[in-house]
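Student: My structure is in input_32.cif, and what it holds is mmCIF, C-alpha atoms:
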```cif
data_target
loop_
_atom_site.label_atom_id
_atom_site.label_comp_id
_atom_site.auth_asym_id
_atom_site.auth_seq_id
_atom_site.Cartn_x
_atom_site.Cartn_y
_atom_site.Cartn_z
CA MET A 1 -14.84 -135.39 -26.44
CA ASN A 2 -16.16 -134.94 -29.89
CA THR A 3 -19.73 -133.78 -29.37
CA ALA A 4 -20.55 -133.87 -33.07
CA CYS A 5 -21.29 -137.58 -32.97
CA LEU A 6 -23.70 -137.32 -30.03
CA PRO A 7 -27.38 -137.55 -30.77
CA PRO A 8 -29.02 -134.11 -30.80
CA PHE A 9 -31.16 -134.77 -27.74
CA LEU A 10 -28.01 -135.50 -25.71
CA LEU A 11 -26.51 -132.20 -26.81
CA LEU A 12 -29.70 -130.45 -25.82
CA LEU A 13 -29.65 -132.20 -22.47
CA ALA A 14 -26.01 -131.20 -21.95
CA ASP A 15 -26.84 -127.60 -22.79
CA TRP A 16 -29.69 -127.62 -20.34
CA LEU A 17 -27.54 -129.10 -17.57
CA VAL A 18 -24.84 -126.49 -18.16
CA TRP A 19 -27.43 -123.75 -18.09
CA ARG A 20 -28.92 -125.13 -14.88
CA SER A 21 -25.58 -125.33 -13.15
CA GLU A 22 -24.64 -121.80 -14.23
CA SER A 23 -27.93 -120.24 -13.28
CA ALA A 24 -28.14 -122.11 -10.00
CA ALA A 25 -24.61 -121.17 -8.89
CA PRO A 26 -24.69 -118.72 -6.00
CA ALA A 27 -23.25 -115.28 -6.62
CA GLU A 28 -19.77 -115.42 -5.20
CA GLU A 29 -18.34 -112.53 -3.29
CA PRO A 30 -16.27 -110.83 -5.96
CA ASP A 31 -12.85 -109.53 -5.11
CA GLY A 32 -11.56 -106.18 -6.25
CA ASP A 33 -10.58 -107.23 -9.76
CA ASP A 34 -13.21 -109.83 -10.36
CA GLU A 35 -15.52 -107.98 -12.68
CA ALA A 36 -17.07 -111.26 -13.81
CA GLY A 37 -18.29 -111.75 -10.25
CA TRP A 38 -19.84 -108.31 -10.29
CA MET A 39 -21.53 -109.15 -13.57
CA ILE A 40 -23.09 -112.19 -11.90
CA ARG A 41 -24.47 -109.83 -9.30
CA VAL A 42 -25.85 -107.55 -11.97
CA ALA A 43 -27.50 -110.57 -13.59
CA ALA A 44 -29.02 -111.45 -10.24
CA GLY A 45 -30.54 -107.99 -10.13
CA GLU A 46 -28.23 -106.59 -7.46
CA GLU A 47 -27.91 -102.87 -7.89
CA ALA A 48 -24.57 -102.84 -6.07
CA GLY A 49 -23.03 -104.80 -8.91
CA LEU A 50 -23.90 -102.23 -11.52
CA GLN A 51 -22.91 -99.39 -9.22
CA HIS A 52 -19.49 -100.96 -8.71
CA LEU A 53 -18.93 -101.32 -12.44
CA TYR A 54 -20.08 -97.76 -12.98
CA ASP A 55 -17.77 -96.37 -10.32
CA ARG A 56 -14.84 -98.25 -11.69
CA TRP A 57 -15.32 -97.73 -15.42
CA LYS A 58 -17.14 -94.43 -15.88
CA ARG A 59 -14.02 -92.29 -16.21
CA PRO A 60 -12.14 -94.64 -18.55
CA LEU A 61 -15.24 -94.82 -20.75
CA LEU A 62 -15.80 -91.07 -20.72
CA SER A 63 -12.17 -90.47 -21.62
CA PHE A 64 -12.29 -93.03 -24.39
CA PHE A 65 -15.47 -91.63 -25.91
CA TYR A 66 -14.37 -88.03 -25.57
CA ARG A 67 -11.10 -88.68 -27.34
CA SER A 68 -12.91 -90.66 -30.03
CA LEU A 69 -15.69 -88.17 -30.68
CA GLY A 70 -14.37 -84.85 -29.45
CA SER A 71 -17.67 -84.16 -27.77
CA HIS A 72 -18.20 -84.13 -24.04
CA ALA A 73 -21.99 -84.47 -24.33
CA ASP A 74 -21.77 -87.41 -26.72
CA ALA A 75 -19.14 -89.05 -24.56
CA GLU A 76 -21.55 -88.90 -21.61
CA ASP A 77 -24.41 -90.32 -23.66
CA LEU A 78 -22.38 -93.24 -24.91
CA ALA A 79 -20.78 -93.97 -21.55
CA LEU A 80 -24.24 -94.30 -19.99
CA GLU A 81 -25.36 -96.44 -22.91
CA VAL A 82 -22.52 -98.85 -22.19
CA PHE A 83 -23.92 -99.44 -18.71
CA VAL A 84 -27.38 -100.02 -20.14
CA ARG A 85 -25.89 -102.64 -22.47
CA LEU A 86 -24.01 -104.24 -19.60
CA HIS A 87 -27.20 -104.44 -17.60
CA ARG A 88 -29.08 -106.00 -20.51
CA SER A 89 -26.41 -108.55 -21.35
CA ALA A 90 -25.37 -109.48 -17.81
CA ALA A 91 -27.35 -112.72 -17.82
CA ASP A 92 -25.65 -113.87 -21.02
CA TYR A 93 -22.17 -112.75 -20.02
CA ARG A 94 -19.55 -115.51 -19.95
CA PRO A 95 -16.09 -114.60 -18.66
CA THR A 96 -14.20 -116.12 -21.56
CA ALA A 97 -11.97 -113.05 -21.89
CA LYS A 98 -10.94 -110.13 -19.74
CA PHE A 99 -13.79 -107.90 -18.66
CA SER A 100 -12.05 -104.87 -20.16
CA THR A 101 -12.02 -106.65 -23.52
CA TYR A 102 -15.75 -107.24 -23.26
CA LEU A 103 -16.44 -103.70 -22.09
CA PHE A 104 -14.45 -101.99 -24.80
CA HIS A 105 -15.91 -104.25 -27.43
CA ILE A 106 -19.31 -102.88 -26.46
CA ALA A 107 -17.86 -99.37 -26.38
CA GLN A 108 -16.36 -99.78 -29.83
CA ASN A 109 -19.65 -101.03 -31.27
CA LEU A 110 -21.47 -98.04 -29.83
CA LEU A 111 -18.80 -95.73 -31.13
CA ARG A 112 -19.09 -97.14 -34.63
CA ASN A 113 -22.87 -96.78 -34.54
CA GLU A 114 -22.48 -93.19 -33.45
CA LEU A 115 -19.92 -92.41 -36.15
CA ARG A 116 -22.17 -94.02 -38.72
CA ARG A 117 -25.17 -92.09 -37.46
CA ARG A 118 -23.61 -88.73 -37.82
CA ARG A 119 -20.79 -87.24 -39.72
CA ARG A 120 -18.50 -85.59 -37.26
CA LYS A 121 -20.00 -82.46 -35.80
CA PRO A 122 -17.93 -79.70 -34.25
CA ALA A 123 -16.48 -80.77 -30.95
CA ASP A 124 -17.42 -78.90 -27.82
CA ALA A 125 -14.10 -78.32 -26.22
CA VAL A 126 -13.51 -79.69 -22.77
CA PRO A 127 -11.45 -77.49 -20.54
CA PRO A 128 -8.09 -79.20 -20.11
CA GLU A 129 -8.40 -78.99 -16.34
CA LEU A 130 -10.98 -81.78 -16.48
CA PHE A 131 -8.22 -84.13 -17.54
CA GLU A 132 -5.57 -85.68 -15.44
CA GLU A 133 -2.39 -87.36 -16.53
CA LEU A 134 -2.04 -90.84 -15.22
CA PRO A 135 1.72 -91.38 -15.34
CA GLN A 136 2.91 -88.01 -14.11
CA GLU A 137 0.18 -86.27 -12.23
CA ASN A 138 2.36 -83.53 -10.81
CA ALA A 139 4.06 -82.42 -13.98
CA PRO A 140 3.42 -78.67 -14.12
CA ASP A 141 3.30 -78.32 -17.83
CA ARG A 142 1.61 -75.44 -19.57
CA ARG A 143 2.93 -76.73 -22.84
CA LEU A 144 0.77 -79.82 -22.54
CA ALA A 145 -2.34 -77.76 -21.92
CA GLU A 146 -1.58 -75.70 -24.99
CA LEU A 147 -1.02 -78.78 -27.10
CA GLU A 148 -4.33 -80.26 -25.97
CA GLU A 149 -6.49 -78.59 -28.59
CA VAL A 150 -4.15 -79.46 -31.44
CA PHE A 151 -3.85 -82.98 -30.13
CA GLN A 152 -7.60 -83.50 -29.99
CA ARG A 153 -8.09 -82.15 -33.49
CA ALA A 154 -5.29 -84.31 -34.85
CA LEU A 155 -6.67 -87.36 -33.05
CA LEU A 156 -10.05 -86.87 -34.68
CA ARG A 157 -8.39 -86.89 -38.09
CA LEU A 158 -7.08 -90.41 -37.60
CA PRO A 159 -9.04 -93.33 -39.07
CA GLU A 160 -11.37 -94.75 -36.44
CA LYS A 161 -9.54 -98.06 -36.27
CA GLN A 162 -6.17 -96.45 -35.62
CA ARG A 163 -7.58 -94.03 -33.08
CA THR A 164 -9.37 -96.76 -31.14
CA ALA A 165 -6.28 -98.95 -31.11
CA LEU A 166 -4.14 -96.11 -29.84
CA LEU A 167 -6.62 -95.20 -27.13
CA LEU A 168 -7.09 -98.74 -25.90
CA ILE A 169 -3.36 -99.25 -25.58
CA GLN A 170 -2.16 -95.86 -24.39
CA GLN A 171 -5.13 -94.26 -22.69
CA GLN A 172 -6.88 -97.31 -21.27
CA GLN A 173 -3.63 -99.18 -20.78
CA LEU A 174 -5.07 -102.47 -21.93
CA ASP A 175 -2.42 -105.04 -22.68
CA TYR A 176 -1.97 -106.05 -26.30
CA PRO A 177 -3.77 -109.41 -26.07
CA ALA A 178 -6.83 -107.80 -24.45
CA ALA A 179 -6.94 -104.89 -26.89
CA ALA A 180 -6.41 -107.21 -29.85
CA ALA A 181 -9.32 -109.35 -28.69
CA ALA A 182 -11.55 -106.30 -28.30
CA LEU A 183 -10.65 -105.14 -31.79
CA ARG A 184 -10.85 -108.65 -33.26
CA MET A 185 -7.38 -108.63 -34.74
CA THR A 186 -4.04 -110.29 -34.11
CA GLU A 187 -1.54 -108.83 -31.70
CA ASN A 188 0.97 -108.25 -34.46
CA ALA A 189 -1.56 -106.40 -36.57
CA LEU A 190 -2.42 -104.29 -33.55
CA ARG A 191 1.23 -103.41 -32.93
CA VAL A 192 1.60 -102.26 -36.51
CA LEU A 193 -1.64 -100.27 -36.27
CA VAL A 194 -0.59 -98.50 -33.08
CA HIS A 195 2.82 -97.67 -34.52
CA ARG A 196 1.26 -96.18 -37.65
CA ALA A 197 -1.32 -94.31 -35.61
CA ARG A 198 1.37 -92.65 -33.51
CA GLN A 199 3.30 -91.64 -36.58
CA MET A 200 0.22 -90.25 -38.26
CA LEU A 201 -0.81 -88.41 -35.10
CA LYS A 202 2.57 -86.73 -34.87
CA THR A 203 2.47 -85.78 -38.53
CA GLU A 204 -1.00 -84.29 -38.13
CA MET A 205 0.04 -82.34 -35.05
CA GLU A 206 3.12 -81.01 -36.78
CA ALA A 207 1.02 -79.87 -39.70
CA MET A 208 -1.34 -78.03 -37.35
CA THR A 209 1.24 -76.27 -35.19
CA MET B 1 -0.33 -69.48 -29.54
CA ASN B 2 2.78 -69.83 -27.49
CA PRO B 3 5.80 -70.18 -29.78
CA ASP B 4 6.86 -73.28 -27.80
CA THR B 5 3.87 -75.17 -29.04
CA ARG B 6 4.93 -74.65 -32.64
CA SER B 7 7.72 -77.10 -32.15
CA THR B 8 7.27 -80.74 -33.04
CA PRO B 9 5.47 -82.66 -30.30
CA SER B 10 7.83 -85.11 -28.70
CA ASP B 11 7.06 -88.76 -28.04
CA ASP B 12 6.82 -87.88 -24.40
CA ASP B 13 4.24 -85.18 -25.13
CA LEU B 14 2.26 -87.65 -27.14
CA ASP B 15 2.37 -90.29 -24.41
CA ARG B 16 1.21 -87.85 -21.79
CA LEU B 17 -1.58 -86.46 -23.92
CA LEU B 18 -2.77 -89.93 -24.80
CA ALA B 19 -2.71 -91.03 -21.18
CA ARG B 20 -4.88 -88.16 -20.00
CA ARG B 21 -8.21 -89.15 -18.54
CA TYR B 22 -11.14 -87.45 -16.94
CA ARG B 23 -10.38 -86.53 -13.38
CA ASP B 24 -14.01 -86.49 -12.36
CA THR B 25 -17.50 -86.50 -13.73
CA SER B 26 -19.93 -83.61 -13.75
CA PRO B 27 -22.85 -83.42 -11.27
CA GLU B 28 -25.22 -83.49 -14.26
CA PHE B 29 -23.73 -86.76 -15.40
CA GLU B 30 -24.11 -88.26 -11.93
CA ALA B 31 -27.73 -87.09 -11.83
CA ARG B 32 -28.37 -88.80 -15.18
CA TRP B 33 -26.82 -91.97 -13.82
CA VAL B 34 -29.10 -91.94 -10.78
CA ALA B 35 -32.13 -91.53 -13.05
CA LEU B 36 -30.92 -94.28 -15.36
CA LYS B 37 -30.29 -96.61 -12.45
CA ARG B 38 -33.86 -96.07 -11.32
CA GLU B 39 -35.10 -97.01 -14.79
CA LEU B 40 -32.93 -100.10 -14.89
CA ARG B 41 -34.18 -101.17 -11.47
CA GLN B 42 -37.72 -101.26 -12.88
CA ALA B 43 -36.53 -103.38 -15.82
CA PRO B 44 -34.48 -106.17 -14.27
CA PRO B 45 -31.93 -107.94 -16.45
CA VAL B 46 -33.44 -110.49 -18.78
CA ARG B 47 -33.02 -114.07 -17.65
CA ALA B 48 -30.35 -116.01 -19.40
CA ARG B 49 -31.65 -117.84 -22.39
CA LEU B 50 -31.86 -121.60 -22.25
CA LEU B 51 -29.08 -121.76 -24.81
CA PRO B 52 -26.57 -119.17 -25.90
CA ALA B 53 -27.42 -117.40 -29.14
CA TRP B 54 -24.78 -119.21 -31.21
CA ARG B 55 -26.00 -122.55 -29.93
CA LEU B 56 -29.61 -121.65 -30.66
CA THR B 57 -28.62 -120.70 -34.18
CA GLY B 58 -26.97 -124.12 -34.57
CA TRP B 59 -30.05 -125.89 -33.38
CA PHE B 60 -32.36 -123.92 -35.63
CA GLY B 61 -29.99 -124.62 -38.50
CA ALA B 62 -29.97 -128.36 -37.79
CA VAL B 63 -33.74 -128.55 -37.50
CA GLY B 64 -34.13 -126.51 -40.69
CA ALA B 65 -31.69 -128.75 -42.57
CA LEU B 66 -33.53 -131.86 -41.40
CA GLY B 67 -36.86 -130.40 -42.48
CA ALA B 68 -35.46 -129.46 -45.88
CA ALA B 69 -34.00 -132.95 -46.34
CA ALA B 70 -37.34 -134.54 -45.42
CA ALA B 71 -39.19 -132.26 -47.86
CA ILE B 72 -36.76 -133.10 -50.68
CA ALA B 73 -37.08 -136.83 -49.96
CA PHE B 74 -40.87 -136.59 -50.01
CA VAL B 75 -40.91 -134.70 -53.30
CA MET B 76 -38.51 -137.17 -54.90
CA TYR B 77 -40.55 -140.13 -53.65
CA SER B 78 -43.85 -138.78 -54.88
CA ALA B 79 -42.40 -137.84 -58.29
CA ARG B 80 -41.14 -141.40 -58.82
CA PRO B 81 -42.84 -143.27 -61.78
CA PRO B 82 -45.37 -145.90 -60.65
CA LYS B 83 -44.15 -149.46 -60.39
CA PRO B 84 -45.23 -151.45 -63.53
CA ILE B 85 -47.76 -154.26 -63.13
CA PRO B 86 -46.07 -157.59 -63.88
CA SER B 87 -47.00 -158.81 -67.33
CA VAL B 88 -48.92 -162.01 -67.82
CA ALA B 89 -45.92 -163.55 -69.49
CA ALA B 90 -44.02 -163.32 -66.24
CA LEU B 91 -46.53 -165.60 -64.46
CA SER B 92 -46.58 -169.36 -64.40
CA PRO B 93 -48.68 -171.16 -67.10
CA GLN B 94 -51.12 -172.51 -64.49
CA LEU B 95 -51.79 -169.11 -63.04
CA THR B 96 -52.18 -167.66 -66.50
CA GLU B 97 -54.79 -170.29 -67.29
CA LEU B 98 -56.61 -169.63 -64.04
CA LEU B 99 -56.66 -165.89 -64.71
CA ALA B 100 -58.02 -166.53 -68.23
CA MET B 101 -60.78 -168.76 -66.85
CA ASP B 102 -61.65 -166.19 -64.25
CA ALA B 103 -61.90 -163.54 -66.93
CA VAL B 104 -64.34 -165.69 -68.92
CA LEU B 105 -66.38 -167.13 -66.09
CA GLY B 106 -66.48 -163.95 -64.07
CA ARG B 107 -68.87 -162.43 -66.56
CA ALA B 108 -71.07 -165.59 -66.89
CA LEU B 109 -74.65 -165.46 -65.65
CA PRO B 110 -75.95 -168.38 -63.60
CA LEU B 111 -78.58 -170.45 -65.51
CA LEU B 112 -80.64 -171.23 -62.42
CA ASP B 113 -81.73 -169.00 -59.65
CA GLU B 114 -79.81 -169.31 -56.45
CA GLU B 115 -82.35 -171.51 -54.59
CA ASN B 116 -82.49 -174.16 -57.31
CA ARG B 117 -78.77 -174.07 -57.84
CA THR B 118 -78.12 -174.75 -54.18
CA ALA B 119 -80.63 -177.61 -54.16
CA LEU B 120 -79.08 -179.11 -57.25
CA LEU B 121 -75.60 -178.90 -55.82
CA HIS B 122 -76.72 -180.72 -52.68
CA LEU B 123 -78.51 -183.61 -54.36
CA PRO B 124 -77.25 -186.92 -52.99
CA ALA B 125 -74.93 -188.62 -55.38
CA SER B 126 -76.75 -191.98 -54.96
CA GLY B 127 -79.96 -190.51 -56.32
CA GLN B 128 -78.38 -190.02 -59.70
CA PRO B 129 -79.67 -192.14 -62.54
#
```
How would this structure read if it were set down as C-alpha cells?
Tutor:
Amino acid sequence: MNTACLPPFLLLLADWLVWRSESAAPAEEPDGDDEAGWMIRVAAGEEAGLQHLYDRWKRPLLSFFYRSLGSHADAEDLALEVFVRLHRSAADYRPTAKFSTYLFHIAQNLLRNELRRRRRKPADAVPPELFEELPQENAPDRRLAELEEVFQRALLRLPEKQRTALLLIQQQQLDYPAAAAALRMTENALRVLVHRARQMLKTEMEAMT
Amino acid sequence: MNPDTRSTPSDDDLDRLLARRYRDTSPEFEARWVALKRELRQAPPVRARLLPAWRLTGWFGAVGALGAAAAIAFVMYSARPPKPIPSVAALSPQLTELLAMDAVLGRALPLLDEENRTALLHLPASGQP
C-alpha cells in the first residue's frame, strides 16, 4: 500500500500501533543462532542476554580489533565498547539484517573513530600463542609463528577499508552479502576490494621479509 | 630471522594468518567485563522510542515544511495591496444621488430643538390650515 497518500495522523497511528505490538511482544526463547532474540532480552533488561552475546562475540571482536589496530589494549577497550553500544541500542534494534552485519557495523564505526582519534601508535605485540587457527588447529607450523609479526605489520599498512573487508571475510568468515551490508557497498565492489587487499598484503609482506 | 620466512608468503600462509583468532581472553579483560556489566545493570537499556529515528526525522521535516508554508502564505497575504474602494461611477445613478444627498444633509443642523421637532412631526394632518 502506498502510505504517502494517507493522512499524517493515520501514519502516526500506524507507527504507534506497530510500536505497541513490538514492545508488547513477549521475549521469545531464542535458539542458538537467534541473536535477534537475545537482543530482545537485552532490551528487556535481562542480563543473560548480554552475557550470551558477550560469550559468543568477544573473541571475534577482539581478533578483529587487534588485527585492525595492532594493539591488544585498544582491542580490549573497543571490544567492550561494542557491548556498551549493543546494550544502549538494544531497544531500537530491528533484525532487518544478519546480527553479524549489525555488530560489525558498530565495530567498524568504533574503529574509524579510534583511527581518527589517534594516528597509529606502536603496536604492543601479542604473543602468537594467544592466537588459534580456525581451519587447521593442529598444524604444527613454526613458520606461521615467525611470519606473524611481518603479517601484522603488513596488515596495518593496508588502507582501513581494504583491511576491514579482508578481516570480515577471512577472519570473521562473514559471507559476502553480510560483509557488504556491514561495509555499505555492493558485493561486487567487496570482491574486488578483498582481491586487491590480498595482493597488497602479499606485496607488503614480501617487501618486509 | 629464520631463512624460511624470507621466502614469499604463500596463499595458504596468508589464509591461515588471516583466519587466526584469539584463543581466549585475559583474566583482566574478564574482570573489566564483570565491572562493566555491573555498571550497565544500573543503567538499564533506554526504552524504545515511540518512532524510529528516521521516522521521527520525517515527521519533524513534514511539520517544519508545513509551518514554513503557512508562514510564507501569511507573509504573502499581508503584503498584498489593499482592495480598492469602488468608485462612485461604478454605482447606480439612484444610489449616487442618495449618497450625494446624505453628504449634504448629514452636515445640516436641525432648525428646531428636538422636542419641538417631534411635536411638529406628529401634528394631525386635519389640523392643517
Student: Hey, what's within 9 Å of range 71-82 of chain A if we count all atoms listed in the file and toss same-chain stuff fewer than 3 positions away? As number ranges by chain, please?
Tutor: A: 54, 58-59, 61-68, 85-87, 103, 106-107, 110-111, 114, 121-126; B: 29, 32-33, 36
Student: Give as a PyMOL selection string the residues that the PyMOL selection byres ((chain A and resi 148) around 10) matches when applied to the coordinates above.
Tutor: (chain A and resi 125-128+142-147+149-154) or (chain B and resi 13-14+17-18+20)
Student: For the atom pair CA of Lys98 in chain A and CA of Ala36 in chain A, what is the interatomic distance in Å to one decimal place?
Tutor: 8.6 Å
Student: Choose the residue, out of A:Arg88, A:His52, A:Arg116, A:Arg163, that has the smallest atom-to-atom separation from chain B; count all atoms listed in the file.
Tutor: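 Among the listed residues, A:Arg88 lies closest to chain B.
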Student: Quote the spacing between CA of Thr164 in chain A and CA of Arg56 in chain A in Å to one decimal place.
Tutor: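 CA of Arg56 in chain A lies at a distance of 20.3 Å from CA of Thr164 in chain A.
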Student: Report the residues retrieved by the PyMOL selection byres ((chain A and resi 43-46) around 7) from the displayed file, expressed as a PDB file with C-alpha atoms, in the frame of the given file.
Tutor:
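And here's out_35.pdb as it stands now:
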```
ATOM      1  CA  MET A  39     -21.530-109.150 -13.570  1.00  0.00           C
ATOM      2  CA  ILE A  40     -23.090-112.190 -11.900  1.00  0.00           C
ATOM      3  CA  ARG A  41     -24.470-109.830  -9.300  1.00  0.00           C
ATOM      4  CA  VAL A  42     -25.850-107.550 -11.970  1.00  0.00           C
ATOM      5  CA  GLU A  47     -27.910-102.870  -7.890  1.00  0.00           C
ATOM      6  CA  ALA A  48     -24.570-102.840  -6.070  1.00  0.00           C
ATOM      7  CA  GLY A  49     -23.030-104.800  -8.910  1.00  0.00           C
ATOM      8  CA  ALA A  90     -25.370-109.480 -17.810  1.00  0.00           C
ATOM      9  CA  ALA A  91     -27.350-112.720 -17.820  1.00  0.00           C
TER      10      ALA A  91
ATOM     11  CA  PRO B  44     -34.480-106.170 -14.270  1.00  0.00           C
ATOM     12  CA  PRO B  45     -31.930-107.940 -16.450  1.00  0.00           C
TER      13      PRO B  45
END
```
Student: Between CA of Ser89 in chain A and CA of Tyr102 in chain A, measure the distance and give it in Å to one decimal.
Tutor: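 Going from CA of Ser89 in chain A over to CA of Tyr102 in chain A covers 10.9 Å.
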Student: Would you please work out which residue, of A:Gln171, A:Gln51, A:Thr186, A:Thr203, is nearest to chain B when using all atoms listed in the file?
Tutor: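 For chain B, the nearest of the given residues is A:Gln171.
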Student: To verify the selection step, state as a PyMOL selection string which residues the PyMOL selection byres ((chain A and resi 195) around 12) yields on this input.
Tutor: (chain A and resi 162-163+165-166+169-170+188-194+196-202) or (chain B and resi 11)
Student: With distances taken over all atoms listed in the file, which residue among A:Phe104, A:Trp57, A:Phe99, A:Tyr176 lies nearest chain B?
Tutor: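 Using all atoms listed in the file, the shortest distance to chain B belongs to A:Trp57.
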Student: Which of these residues is nearest to chain B, using all atoms listed in the file: A:Leu156, A:Asp175, A:Glu187, A:Asp92?
Tutor: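 Going through A:Leu156, A:Asp175, A:Glu187, A:Asp92 one by one, the smallest distance to chain B is for A:Asp92.
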